[in-house]
Each structure stands twice: as C-alpha cells, then as structure tokens.
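protein.pdb follows; it contains PDB, C-alpha atoms.
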```
ATOM      1  CA  MET A  74       6.261  59.940 -14.061
ATOM      2  CA  THR A  75       3.954  59.060 -16.931
ATOM      3  CA  LEU A  76       3.096  55.431 -17.527
ATOM      4  CA  VAL A  77       4.230  54.055 -20.857
ATOM      5  CA  LYS A  78       1.683  54.071 -23.660
ATOM      6  CA  GLU A  79       1.428  50.281 -23.649
ATOM      7  CA  VAL A  80       0.015  50.284 -20.137
ATOM      8  CA  ILE A  81      -2.476  53.033 -20.908
ATOM      9  CA  ASP A  82      -3.636  51.189 -24.026
ATOM     10  CA  ALA A  83      -3.930  47.940 -22.090
ATOM     11  CA  VAL A  84      -6.062  49.603 -19.433
ATOM     12  CA  LYS A  85      -8.449  50.971 -22.052
ATOM     13  CA  GLU A  86      -8.751  47.805 -24.116
ATOM     14  CA  ILE A  87      -9.120  45.482 -21.163
ATOM     15  CA  GLY A  88     -11.699  47.886 -19.773
ATOM     16  CA  ASP A  89     -13.668  47.350 -22.988
ATOM     17  CA  VAL A  90     -13.329  43.579 -22.630
ATOM     18  CA  ILE A  91     -14.590  43.714 -19.053
ATOM     19  CA  LYS A  92     -17.506  45.992 -19.902
ATOM     20  CA  ASN A  93     -18.636  43.739 -22.740
ATOM     21  CA  THR A  94     -18.211  40.567 -20.705
ATOM     22  CA  ARG A  95     -20.275  41.991 -17.845
ATOM     23  CA  GLU A  96     -23.067  42.792 -20.314
ATOM     24  CA  ILE A  97     -23.076  39.149 -21.375
ATOM     25  CA  VAL A  98     -23.095  37.948 -17.757
ATOM     26  CA  LYS A  99     -26.057  40.225 -17.003
ATOM     27  CA  ALA A 100     -27.961  39.014 -20.056
ATOM     28  CA  VAL A 101     -27.448  35.356 -19.158
ATOM     29  CA  ASN A 102     -28.447  35.986 -15.544
ATOM     30  CA  ASP A 103     -31.626  37.738 -16.708
ATOM     31  CA  GLY A 104     -32.488  34.947 -19.131
ATOM     32  CA  ARG A 105     -31.616  31.865 -17.066
ATOM     33  CA  ALA A 106     -35.226  30.958 -16.248
ATOM     34  CA  TYR A 107     -36.292  31.240 -19.886
ATOM     35  CA  LEU A 108     -33.319  29.169 -20.998
ATOM     36  CA  GLU A 109     -34.100  26.452 -18.447
ATOM     37  CA  LYS A 110     -37.752  26.297 -19.521
ATOM     38  CA  HIS A 111     -37.475  26.545 -23.286
ATOM     39  CA  HIS A 112     -33.914  25.755 -24.400
ATOM     40  CA  LYS A 113     -32.298  23.277 -22.040
ATOM     41  CA  ASP A 114     -30.498  21.672 -24.951
ATOM     42  CA  ALA A 115     -28.548  24.903 -25.489
ATOM     43  CA  LYS A 116     -27.293  25.156 -21.922
ATOM     44  CA  ALA A 117     -24.234  22.959 -22.422
ATOM     45  CA  ASP A 118     -22.973  25.177 -25.231
ATOM     46  CA  LEU A 119     -23.622  28.296 -23.174
ATOM     47  CA  VAL A 120     -21.793  26.929 -20.140
ATOM     48  CA  ALA A 121     -18.840  25.916 -22.321
ATOM     49  CA  LEU A 122     -18.750  29.375 -23.922
ATOM     50  CA  LEU A 123     -18.724  31.085 -20.528
ATOM     51  CA  GLY A 124     -15.944  28.764 -19.366
ATOM     52  CA  GLU A 125     -13.756  29.716 -22.306
ATOM     53  CA  MET A 126     -14.390  33.407 -21.647
ATOM     54  CA  ARG A 127     -13.258  32.856 -18.054
ATOM     55  CA  LEU A 128     -10.079  31.129 -19.258
ATOM     56  CA  THR A 129      -9.143  34.144 -21.353
ATOM     57  CA  LEU A 130      -9.806  36.615 -18.526
ATOM     58  CA  ASN A 131      -7.657  34.516 -16.213
ATOM     59  CA  GLY A 132      -4.851  34.744 -18.768
ATOM     60  CA  LEU A 133      -5.089  38.529 -18.705
ATOM     61  CA  SER A 134      -5.140  38.485 -14.899
ATOM     62  CA  ASP A 135      -2.005  36.332 -14.793
ATOM     63  CA  VAL A 136      -0.097  38.830 -16.906
ATOM     64  CA  SER A 137      -1.131  41.713 -14.638
ATOM     65  CA  SER A 138       0.075  39.850 -11.548
ATOM     66  CA  VAL A 139       3.643  39.887 -12.890
ATOM     67  CA  ILE A 140       4.173  43.505 -11.814
ATOM     68  CA  GLU A 141       2.156  44.100  -8.681
ATOM     69  CA  THR A 142       3.620  41.439  -6.374
ATOM     70  CA  PHE A 143       7.005  43.063  -5.611
ATOM     71  CA  GLN A 144       7.607  45.731  -2.969
ATOM     72  CA  PHE A 145      10.885  47.470  -2.200
ATOM     73  CA  THR A 146      12.253  48.078   1.297
ATOM     74  CA  ILE A 147      13.373  51.694   1.015
ATOM     75  CA  ALA A 148      14.872  52.248   4.498
ATOM     76  CA  GLY A 149      17.064  50.404   6.969
ATOM     77  CA  SER A 150      19.847  47.896   6.512
ATOM     78  CA  GLU A 151      17.797  45.685   4.179
ATOM     79  CA  ARG A 152      17.804  48.410   1.517
ATOM     80  CA  ASP A 153      21.327  47.422   0.479
ATOM     81  CA  SER A 154      20.123  43.987  -0.619
ATOM     82  CA  GLU A 155      17.124  45.294  -2.596
ATOM     83  CA  PRO A 156      18.890  45.641  -5.996
ATOM     84  CA  ARG A 157      19.907  41.987  -5.933
ATOM     85  CA  ARG A 158      16.476  40.904  -4.705
ATOM     86  CA  PHE A 159      14.797  42.849  -7.498
ATOM     87  CA  ASN A 160      17.171  41.359 -10.061
ATOM     88  CA  ASP A 161      16.165  37.874  -8.905
ATOM     89  CA  TYR A 162      12.530  38.947  -9.119
ATOM     90  CA  VAL A 163      12.985  40.231 -12.677
ATOM     91  CA  ILE A 164      14.544  36.953 -13.762
ATOM     92  CA  ALA A 165      11.625  35.002 -12.277
ATOM     93  CA  ARG A 166       8.995  37.354 -13.723
ATOM     94  CA  ARG A 167      10.529  37.213 -17.187
ATOM     95  CA  ALA A 168      10.393  33.442 -16.988
ATOM     96  CA  LYS A 169       6.711  33.655 -16.055
ATOM     97  CA  LEU A 170       6.029  35.965 -18.983
ATOM     98  CA  ASP A 171       7.737  33.456 -21.265
ATOM     99  CA  GLN A 172       5.498  30.708 -19.850
ATOM    100  CA  LEU A 173       2.427  32.838 -20.433
ATOM    101  CA  GLY A 174       3.612  33.441 -23.977
ATOM    102  CA  GLN A 175       3.743  29.686 -24.503
ATOM    103  CA  ARG A 176       0.086  29.514 -23.433
ATOM    104  CA  MET A 177      -0.943  31.746 -26.302
ATOM    105  CA  SER A 178      -1.783  28.781 -28.507
ATOM    106  CA  SER A 179      -4.168  27.407 -25.892
ATOM    107  CA  LEU A 180      -5.808  30.822 -25.552
ATOM    108  CA  LYS A 181      -6.191  30.965 -29.323
ATOM    109  CA  GLY A 182      -7.871  27.580 -29.060
ATOM    110  CA  SER A 183     -10.158  29.088 -26.442
ATOM    111  CA  CYS A 184     -11.189  31.811 -28.892
ATOM    112  CA  ASP A 185     -11.913  29.162 -31.519
ATOM    113  CA  LYS A 186     -14.080  27.253 -29.043
ATOM    114  CA  ILE A 187     -16.000  30.389 -28.117
ATOM    115  CA  ARG A 188     -16.891  30.928 -31.757
ATOM    116  CA  LYS A 189     -17.867  27.271 -32.107
ATOM    117  CA  HIS A 190     -20.269  27.337 -29.158
ATOM    118  CA  ARG A 191     -21.717  30.705 -30.164
ATOM    119  CA  ASP A 192     -22.369  29.424 -33.677
ATOM    120  CA  ALA A 193     -23.984  26.282 -32.263
ATOM    121  CA  MET A 194     -26.402  28.396 -30.218
ATOM    122  CA  ASP A 195     -27.121  30.645 -33.196
ATOM    123  CA  LYS A 196     -28.049  27.549 -35.179
ATOM    124  CA  GLN A 197     -30.378  26.308 -32.458
ATOM    125  CA  ALA A 198     -32.070  29.699 -32.403
ATOM    126  CA  SER A 199     -32.495  29.571 -36.198
ATOM    127  CA  GLU A 200     -31.135  33.070 -36.585
ATOM    128  CA  ASN A 201     -27.594  33.925 -37.568
ATOM    129  CA  TRP A 202     -25.260  36.229 -35.615
ATOM    130  CA  SER A 203     -27.654  37.513 -32.947
ATOM    131  CA  GLY A 204     -29.523  34.245 -32.524
ATOM    132  CA  TRP A 205     -27.855  33.094 -29.309
ATOM    133  CA  ALA A 206     -29.558  35.888 -27.358
ATOM    134  CA  LEU A 207     -32.961  34.528 -28.433
ATOM    135  CA  LEU A 208     -32.257  31.451 -26.308
ATOM    136  CA  LEU A 209     -32.324  33.763 -23.284
ATOM    137  CA  GLY A 210     -35.782  35.061 -24.207
ATOM    138  CA  GLU A 211     -34.514  38.380 -25.544
ATOM    139  CA  LYS A 212     -37.079  39.513 -28.112
ATOM    140  CA  ARG A 213     -35.793  43.004 -28.797
ATOM    141  CA  LYS A 214     -33.755  42.936 -31.978
ATOM    142  CA  GLN A 215     -31.629  45.920 -30.980
ATOM    143  CA  ARG A 216     -30.671  44.300 -27.675
ATOM    144  CA  ARG A 217     -29.846  41.015 -29.414
ATOM    145  CA  LEU A 218     -27.594  42.879 -31.816
ATOM    146  CA  GLU A 219     -25.909  44.685 -28.915
ATOM    147  CA  LEU A 220     -25.210  41.424 -27.110
ATOM    148  CA  ALA A 221     -23.936  39.823 -30.293
ATOM    149  CA  SER A 222     -21.638  42.792 -30.793
ATOM    150  CA  HIS A 223     -20.318  42.518 -27.216
ATOM    151  CA  LEU A 224     -19.452  38.866 -27.710
ATOM    152  CA  GLY A 225     -18.131  39.337 -31.200
ATOM    153  CA  SER A 226     -15.962  42.357 -30.433
ATOM    154  CA  ILE A 227     -14.180  40.456 -27.673
ATOM    155  CA  TYR A 228     -13.682  37.035 -29.164
ATOM    156  CA  ALA A 229     -14.817  36.646 -32.779
ATOM    157  CA  ASP A 230     -11.428  37.845 -34.046
ATOM    158  CA  ASP A 231      -8.742  35.637 -32.503
ATOM    159  CA  LEU A 232      -6.043  38.185 -33.267
ATOM    160  CA  ARG A 233      -7.698  40.909 -31.168
ATOM    161  CA  ILE A 234      -7.624  39.009 -27.886
ATOM    162  CA  LEU A 235      -4.195  37.557 -28.626
ATOM    163  CA  ASN A 236      -2.859  41.003 -29.482
ATOM    164  CA  LEU A 237      -4.351  42.341 -26.277
ATOM    165  CA  ILE A 238      -2.546  39.743 -24.168
ATOM    166  CA  THR A 239       0.679  40.311 -26.115
ATOM    167  CA  GLN A 240       0.328  44.055 -25.590
ATOM    168  CA  GLU A 241      -0.077  43.555 -21.858
ATOM    169  CA  MET A 242       2.973  41.270 -21.713
ATOM    170  CA  ASP A 243       5.012  43.868 -23.609
ATOM    171  CA  ALA A 244       3.851  46.515 -21.142
ATOM    172  CA  ALA A 245       4.897  44.320 -18.212
ATOM    173  CA  ARG A 246       8.353  43.827 -19.722
ATOM    174  CA  ALA A 247       8.623  47.579 -20.323
ATOM    175  CA  ALA A 248       7.727  48.237 -16.699
ATOM    176  CA  LEU A 249      10.402  45.835 -15.448
ATOM    177  CA  ARG A 250      12.979  47.488 -17.706
ATOM    178  CA  GLU A 251      12.077  50.961 -16.496
ATOM    179  CA  VAL A 252      12.349  49.977 -12.842
ATOM    180  CA  SER A 253      15.705  48.334 -13.548
ATOM    181  CA  THR A 254      16.882  51.532 -15.220
ATOM    182  CA  ALA A 255      15.775  53.549 -12.194
ATOM    183  CA  LEU A 256      17.946  51.306 -10.017
ATOM    184  CA  GLY A 257      21.001  52.089 -12.119
ATOM    185  CA  GLY A 258      20.631  50.062 -15.293
ATOM    186  CA  PRO A 259      23.426  48.067 -16.940
ATOM    187  CA  ALA A 260      26.041  50.296 -15.312
ATOM    188  CA  GLY A 261      25.165  48.782 -11.964
ATOM    189  CA  ALA A 262      22.227  48.945  -9.559
ATOM    190  CA  SER A 263      22.764  51.053  -6.479
ATOM    191  CA  PRO A 264      20.976  50.885  -3.106
ATOM    192  CA  LYS A 265      20.771  54.690  -3.107
ATOM    193  CA  ASN A 266      18.439  54.440  -6.139
ATOM    194  CA  VAL A 267      15.968  52.144  -4.360
ATOM    195  CA  PRO A 268      13.517  54.942  -3.397
ATOM    196  CA  LYS A 269      13.432  56.165  -7.004
ATOM    197  CA  ALA A 270      12.885  52.644  -8.332
ATOM    198  CA  ALA A 271      10.183  52.033  -5.706
ATOM    199  CA  LYS A 272       8.304  55.110  -6.911
ATOM    200  CA  VAL A 273       8.449  53.947 -10.522
ATOM    201  CA  LEU A 274       7.325  50.443  -9.627
ATOM    202  CA  GLY A 275       4.536  51.793  -7.450
ATOM    203  CA  GLU A 276       2.989  53.717 -10.326
ATOM    204  CA  TYR A 277       3.062  50.668 -12.564
ATOM    205  CA  ALA A 278       1.739  48.456  -9.779
ATOM    206  CA  VAL A 279      -1.351  50.639  -9.405
ATOM    207  CA  ALA A 280      -2.202  50.282 -13.096
ATOM    208  CA  PHE A 281      -1.547  46.541 -13.256
ATOM    209  CA  GLU A 282      -3.351  45.841  -9.989
ATOM    210  CA  ALA A 283      -6.437  47.576 -11.359
ATOM    211  CA  LEU A 284      -6.312  45.369 -14.448
ATOM    212  CA  ARG A 285      -5.842  42.207 -12.424
ATOM    213  CA  ARG A 286      -8.691  43.004 -10.054
ATOM    214  CA  GLN A 287     -11.062  43.798 -12.888
ATOM    215  CA  CYS A 288     -10.221  40.596 -14.744
ATOM    216  CA  SER A 289     -10.381  38.517 -11.563
ATOM    217  CA  ASP A 290     -13.708  40.030 -10.532
ATOM    218  CA  VAL A 291     -15.373  39.248 -13.845
ATOM    219  CA  ALA A 292     -13.820  35.776 -13.918
ATOM    220  CA  GLU A 293     -15.396  35.174 -10.487
ATOM    221  CA  GLU A 294     -18.752  36.448 -11.779
ATOM    222  CA  LEU A 295     -18.463  33.945 -14.621
ATOM    223  CA  THR A 296     -17.669  31.161 -12.145
ATOM    224  CA  GLN A 297     -20.757  31.966 -10.097
ATOM    225  CA  LEU A 298     -22.895  32.118 -13.228
ATOM    226  CA  ILE A 299     -21.583  28.774 -14.453
ATOM    227  CA  ASP A 300     -22.356  27.255 -11.047
ATOM    228  CA  ARG A 301     -25.928  28.550 -11.244
ATOM    229  CA  LEU A 302     -26.370  27.040 -14.703
ATOM    230  CA  THR A 303     -25.013  23.596 -13.791
TER     231      THR A 303
END
```
Represent the structure of the file as structure tokens.
Amino acid sequence: MTLVKEVIDAVKEIGDVIKNTREIVKAVNDGRAYLEKHHKDAKADLVALLGEMRLTLNGLSDVSSVIETFQFTIAGSERDSEPRRFNDYVIARRAKLDQLGQRMSSLKGSCDKIRKHRDAMDKQASENWSGWALLLGEKRKQRRLELASHLGSIYADDLRILNLITQEMDAARAALREVSTALGGPAGASPKNVPKAAKVLGEYAVAFEALRRQCSDVAEELTQLIDRLT
C-alpha cells in the first residue's frame, strides 16, 4: 500500500528540521573554544537556545512513538484476541495524542524562547540576524547567513513548527484509522483480518520509526553538546 500523504510530508519536513539542526550543532561544536575564550557571557543564552530546540525535537519524537510500539500476533490462538487488544491500544494512543496536543502551548512557548535567546546573542554580537554565529568565531558572511537561515527556518515562525507537529499528529491518527479499517472497521473487527492489518501497520511503523529515531538522535546530540558547554 501507499502511505498517506500526511506521513510522506511529515518525513520530508522533519528531515529538513533535522538537517538544519545538525548544521547548528556542528557549528557550535566547531566554535566552542572561541566562544569560551571570547564570549563567555553569551554561553548561557546559547545553552538555553539549544535546550529549547531539544524540547521541540522530543515533542516530534513523542508523536512518532504513537504508531511504532504495537505489534500484531498473526498466527496461533492469540490471534483471536488481537482485534480487541488493538482497540484498547487505539484508545490509549488517541489519549496520548490528545495529551500531546495539550502540550502545543508549551512548545509554542519554546519557539518564543528560542527567538528570545537568538536575538539576545545577535545583540551581543552587534550584528542583526546573522550575529549569533559571530560569537562562535565564524567570520565568513555567507556561512553566518546560512546558519541564521537554518535556525530561522526551523523556529523563527512559531506556526511552522506547530503546524509540523500538528501534521504529524494528524498522520498518526490517519494511520490508526487505516489499520482499524483493515481489521474490519465499524462493521466489526475480525481475527481473519489481522494479517492484513499487520501489514498496514508495519508500513506505517517503518515511516514513524524513522522519524522517531532521527528526532531522538539529534536530541541526544543536543544533550551531549549542552553537557560540553556547561
């Protein structure tokens, strides 16, 4: 089967987020010594900014984990109980998605804080927009502009990151609905449909697991970087 468009879009957009975030991590790693020597007063803002970036990536990772944690038993006597077990799982996962939706305001606050700390570093560098990269010793204007663009394209517009998380939650709900339909839908789930439903879920699980791993990996890179800076 073909994955729904929401999942494909989520993979692409989150891939962009991860790529840009890794560029920032690399730049900070490369410039740590310069920062320590010449701009210690900016380190607190930088650490706080990285922490907020990690919070947002963890939110994306949490959404991805909604799909990938369930596995069907497709053979043997236990197969008969799989429709009910999956129904219980769907109820629990929908509740988790609702909880994640309630966290959206805190993630929006995280975006606001990222902008605040970036602007504070720009001010210390006495250069607007791309100034924060100067605190890392980056003298090339083009590279500073690239780094500023990476940070800005991810977090400067609150709606973009919030829409991305919403899109991923919608995709997760769509995946749960499609697996439920494969089991038999509102007319009644049937154990004989378990193999079909398992195949559908497996394809979604691959996509969501890839997203979760990518987000988790970069979040861990941010954790290690924060530890090195503090």
>> Please expand the PyMOL selection byres ((chain A and resi 284) around 9) into the concrete residues it hits in this file, giving the result as a ChimeraX atom specification.
In response: /A:83-84,87-88,133-134,137-138,279-283,285-289
For the interface of segment 149-231 of chain A with segment 112-126 of chain A (cut-off 10 Å, counting all atoms listed in the file), please tabulate each contacting residue of segment 149-231 of chain A alongside its nearest pair of atoms and their separation in Å to one decimal, rows sorted by chain and increasing number, as JSON lines.
```
{"residue": "A:Leu180", "atom": "CA", "partner": "A:Glu125", "partner_atom": "CA", "distance": 8.7}
{"residue": "A:Gly182", "atom": "CA", "partner": "A:Glu125", "partner_atom": "CA", "distance": 9.2}
{"residue": "A:Ser183", "atom": "CA", "partner": "A:Glu125", "partner_atom": "CA", "distance": 5.5}
{"residue": "A:Cys184", "atom": "CA", "partner": "A:Glu125", "partner_atom": "CA", "distance": 7.4}
{"residue": "A:Asp185", "atom": "CA", "partner": "A:Glu125", "partner_atom": "CA", "distance": 9.4}
{"residue": "A:Lys186", "atom": "CA", "partner": "A:Glu125", "partner_atom": "CA", "distance": 7.2}
{"residue": "A:Ile187", "atom": "CA", "partner": "A:Leu122", "partner_atom": "CA", "distance": 5.1}
{"residue": "A:Arg188", "atom": "CA", "partner": "A:Leu122", "partner_atom": "CA", "distance": 8.2}
{"residue": "A:Lys189", "atom": "CA", "partner": "A:Leu122", "partner_atom": "CA", "distance": 8.5}
{"residue": "A:His190", "atom": "CA", "partner": "A:Asp118", "partner_atom": "CA", "distance": 5.2}
{"residue": "A:Arg191", "atom": "CA", "partner": "A:Leu122", "partner_atom": "CA", "distance": 7.0}
{"residue": "A:Asp192", "atom": "CA", "partner": "A:Asp118", "partner_atom": "CA", "distance": 9.5}
{"residue": "A:Ala193", "atom": "CA", "partner": "A:Asp118", "partner_atom": "CA", "distance": 7.2}
{"residue": "A:Met194", "atom": "CA", "partner": "A:Ala115", "partner_atom": "CA", "distance": 6.3}
{"residue": "A:Asp195", "atom": "CA", "partner": "A:Ala115", "partner_atom": "CA", "distance": 9.7}
{"residue": "A:Gln197", "atom": "CA", "partner": "A:Ala115", "partner_atom": "CA", "distance": 7.3}
{"residue": "A:Ala198", "atom": "CA", "partner": "A:His112", "partner_atom": "CA", "distance": 9.1}
{"residue": "A:Trp205", "atom": "CA", "partner": "A:Leu119", "partner_atom": "CA", "distance": 8.9}
{"residue": "A:Leu207", "atom": "CA", "partner": "A:His112", "partner_atom": "CA", "distance": 9.7}
{"residue": "A:Leu208", "atom": "CA", "partner": "A:His112", "partner_atom": "CA", "distance": 6.2}
{"residue": "A:Leu209", "atom": "CA", "partner": "A:His112", "partner_atom": "CA", "distance": 8.2}
{"residue": "A:Gly210", "atom": "CA", "partner": "A:His112", "partner_atom": "CA", "distance": 9.5}
{"residue": "A:Leu224", "atom": "CA", "partner": "A:Met126", "partner_atom": "CA", "distance": 9.6}
{"residue": "A:Ile227", "atom": "CA", "partner": "A:Met126", "partner_atom": "CA", "distance": 9.3}
{"residue": "A:Tyr228", "atom": "CA", "partner": "A:Met126", "partner_atom": "CA", "distance": 8.4}
```
When the PyMOL selection byres ((chain A and resi 271) around 9) is applied to the structure above, which residues does it catch, written out as a PyMOL selection string? chain A and resi 144-147+252+255-256+266-270+272-276
Between A:Asp82, A:Glu219, A:Glu293, A:Asp153, smallest distance to Glu96 of chain A by all atoms listed in the file belongs to A:Glu219
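Each of A:Gly225, A:Gly132, A:Gly174, A:Pro264 was compared to Thr94 of chain A using all atoms listed in the file, and A:Gly225 turns out to be the nearest.
Distance annotation: of A:Tyr162, A:Tyr107, A:Tyr277, A:Phe143, the residue with the minimal separation from Ala206 of chain A is A:Tyr107; atom set is all atoms listed in the file.
The spacing separating atom CA of Ala245 of chain A from atom CA of Leu170 of chain A amounts to 8.5 Å.
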Next item on the list: Would you translate the PyMOL selection byres ((chain A and resi 176) around 12) into the concrete set of residues it matches in this file, as JSON, numbers by chain?
Entry: {"A": [128, 129, 131, 132, 133, 135, 136, 169, 170, 171, 172, 173, 174, 175, 177, 178, 179, 180, 181, 182, 183, 235, 238, 239]}
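When atom CA of Arg95 of chain A is paired with atom CA of Arg216 of chain A, their separation reads 14.5 Å.
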One decimal place gives the atom CA of Ser154 of chain A-atom CA of Arg167 of chain A separation as 20.3 Å
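When only C-alpha atoms are used to compute distances to Lys92 of chain A, the closest of the residues A:Gln297, A:Ser226, A:Asn160, A:Gln215 turns out to be A:Ser226.
Closest approach to Thr254 of chain A among A:Phe159, A:Ile299, A:Lys212, A:Ser222: A:Phe159, based on all atoms listed in the file.
Candidate residues A:Leu249, A:Leu237, A:Val90, A:Ala262 were compared for distance to Arg127 of chain A, and the nearest is A:Val90, using all atoms listed in the file.
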Can I get C-alpha atoms for segment 263-276 of chain A, as a CSV table (one decimal), in the first residue's frame?
```csv
chain,number,residue,atom,x,y,z
A,263,SER,CA,-12.4,-9.8,12.6
A,264,PRO,CA,-9.4,-12.0,13.6
A,265,LYS,CA,-9.1,-13.2,10.0
A,266,ASN,CA,-8.2,-9.6,9.0
A,267,VAL,CA,-5.3,-9.5,11.5
A,268,PRO,CA,-2.6,-10.3,8.8
A,269,LYS,CA,-3.9,-7.6,6.6
A,270,ALA,CA,-4.0,-5.0,9.4
A,271,ALA,CA,-0.5,-6.1,10.5
A,272,LYS,CA,0.8,-5.4,7.0
A,273,VAL,CA,-0.7,-1.9,7.0
A,274,LEU,CA,0.6,-1.1,10.5
A,275,GLY,CA,4.0,-2.4,9.6
A,276,GLU,CA,4.3,0.1,6.7
```
